[in-house]
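One structure below.
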Amino acid sequence: MSDNFFNKVYKVVEKIPFGRVTTYGAIAKYISSPKASRMVGWALNAYFKNKGFSIPAHRVVNRFGILTGKKYFEGKNTMKELLESEGIYVKKDKILDFNKHFWDPNI
DNA sequence: AATGTGACACAAT
DNA sequence: TATTGTGCCACAT
């Protein structure tokens, strides 16, 4: 299978444990392209179109714990609701105790 | 091949 | 962590 950038992103996101979150930057770094954080978001968007909610993209936020991608989650459940259902509380599009929920792909 | 683009990150302010 | 500006990379067209 491919070593595509997108594919790597896909695989990492898939591994994010329940109730945990990570950042675009962390993922980018993990796949050896620390500066390609923007692409991570784009990759998710691309897969999103093809596979819908098949990956927990709601567990990926920017490095401040802000739900920058919530606009792409418009549906029955907002990104916020999905996260709160996992015990991650969100206030004004920002994750509370973000570093407590942060998950590093290297682990 | 060149240009546009984006769910970011970082430094400076 | 607000805002603004710049850098950055890989994909789509």
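Quick note on naming: the chains in the structure tokens go A, B, ... in the order shown, residues restart at 1 in each chain, and ligands are numbered from 1 in order of appearance.
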### Query
If we count only C-alpha atoms (C1' of nucleotides), what is near region 5-7 of chain B at a cut-off of 12 Å, once residues fewer than 2 positions away on the same chain are taken out, given as a PyMOL selection string?
(chain A and resi 23-25+36-48+57-62+66-73+79) or (chain B and resi 3) or (chain C and resi 8-13)
### Task
From chain A, collect each residue whose DSSP state is strand (DSSP E or B) and return the set as an NGL selection string.
:A and (21-23 or 60-61 or 66 or 90-91 or 94-95 or 102)
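The space between CA of Lys94 (chain A) and CA of Gly19 (chain A) spans 15.2 Å.
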### Message
I'd like to know which residues of chain A are helix (DSSP H, G or I) (by DSSP, run on the backbone); could you write them as a ChimeraX atom specification?
### Response
/A:5-15,24-30,37-51,57-59,70-73,79-84,98-101
### Query
Can you list, as number ranges by chain, every protein, DNA or RNA residue that comes within 12 Å of DT13 (chain B) when you count only C-alpha atoms (C1' of nucleotides), leaving out same-chain residues fewer than 2 positions away?
B: 11; C: 2-5
Take the residues from that selection and write them out as a PDB file, in the first residue's frame, keeping N, CA and C atoms (P, O5', C5', C4', C3', O3' and C1' of nucleotides).
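As written to disk, part_17.pdb reads:
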ATOM      1  P    DA B  11       8.767  30.135  17.452  1.00  0.00           P
ATOM      2  O5'  DA B  11       8.980  31.622  16.916  1.00  0.00           O
ATOM      3  C5'  DA B  11       9.311  31.833  15.543  1.00  0.00           C
ATOM      4  C4'  DA B  11       9.261  33.331  15.252  1.00  0.00           C
ATOM      5  C3'  DA B  11       9.636  34.203  16.444  1.00  0.00           C
ATOM      6  O3'  DA B  11      10.404  35.321  15.994  1.00  0.00           O
ATOM      7  C1'  DA B  11       7.380  34.629  15.802  1.00  0.00           C
TER       8       DA B  11
ATOM      9  P    DA C   2      -7.802  33.430  22.211  1.00  0.00           P
ATOM     10  O5'  DA C   2      -7.917  34.909  21.607  1.00  0.00           O
ATOM     11  C5'  DA C   2      -7.364  36.015  22.351  1.00  0.00           C
ATOM     12  C4'  DA C   2      -7.476  37.256  21.515  1.00  0.00           C
ATOM     13  C3'  DA C   2      -7.658  37.046  20.025  1.00  0.00           C
ATOM     14  O3'  DA C   2      -8.326  38.144  19.433  1.00  0.00           O
ATOM     15  C1'  DA C   2      -5.489  37.888  20.451  1.00  0.00           C
ATOM     16  P    DT C   3      -8.774  37.987  17.875  1.00  0.00           P
ATOM     17  O5'  DT C   3      -7.722  38.874  17.073  1.00  0.00           O
ATOM     18  C5'  DT C   3      -6.863  39.742  17.755  1.00  0.00           C
ATOM     19  C4'  DT C   3      -5.946  40.470  16.764  1.00  0.00           C
ATOM     20  C3'  DT C   3      -6.153  40.138  15.288  1.00  0.00           C
ATOM     21  O3'  DT C   3      -5.949  41.301  14.513  1.00  0.00           O
ATOM     22  C1'  DT C   3      -3.996  39.443  15.980  1.00  0.00           C
ATOM     23  P    DT C   4      -6.160  41.232  12.922  1.00  0.00           P
ATOM     24  O5'  DT C   4      -4.645  41.141  12.459  1.00  0.00           O
ATOM     25  C5'  DT C   4      -3.688  42.079  12.951  1.00  0.00           C
ATOM     26  C4'  DT C   4      -2.340  41.801  12.304  1.00  0.00           C
ATOM     27  C3'  DT C   4      -2.433  41.371  10.839  1.00  0.00           C
ATOM     28  O3'  DT C   4      -1.488  42.108  10.086  1.00  0.00           O
ATOM     29  C1'  DT C   4      -1.190  39.794  12.086  1.00  0.00           C
ATOM     30  P    DG C   5      -1.474  41.953   8.475  1.00  0.00           P
ATOM     31  O5'  DG C   5      -0.101  41.149   8.327  1.00  0.00           O
ATOM     32  C5'  DG C   5       1.021  41.550   9.111  1.00  0.00           C
ATOM     33  C4'  DG C   5       2.171  40.569   8.899  1.00  0.00           C
ATOM     34  C3'  DG C   5       2.270  40.049   7.464  1.00  0.00           C
ATOM     35  O3'  DG C   5       3.648  40.011   7.093  1.00  0.00           O
ATOM     36  C1'  DG C   5       2.063  38.238   8.963  1.00  0.00           C
TER      37       DG C   5
END
### Query
Hey, can you check how far CA of Phe5 (chain A) sits from CA of Val21 (chain A)?
20.2 Å
### Query
How many Å lie between CA of Phe6 (chain A) and C1' of DA1 (chain B), rounded to one decimal?
22.9 Å
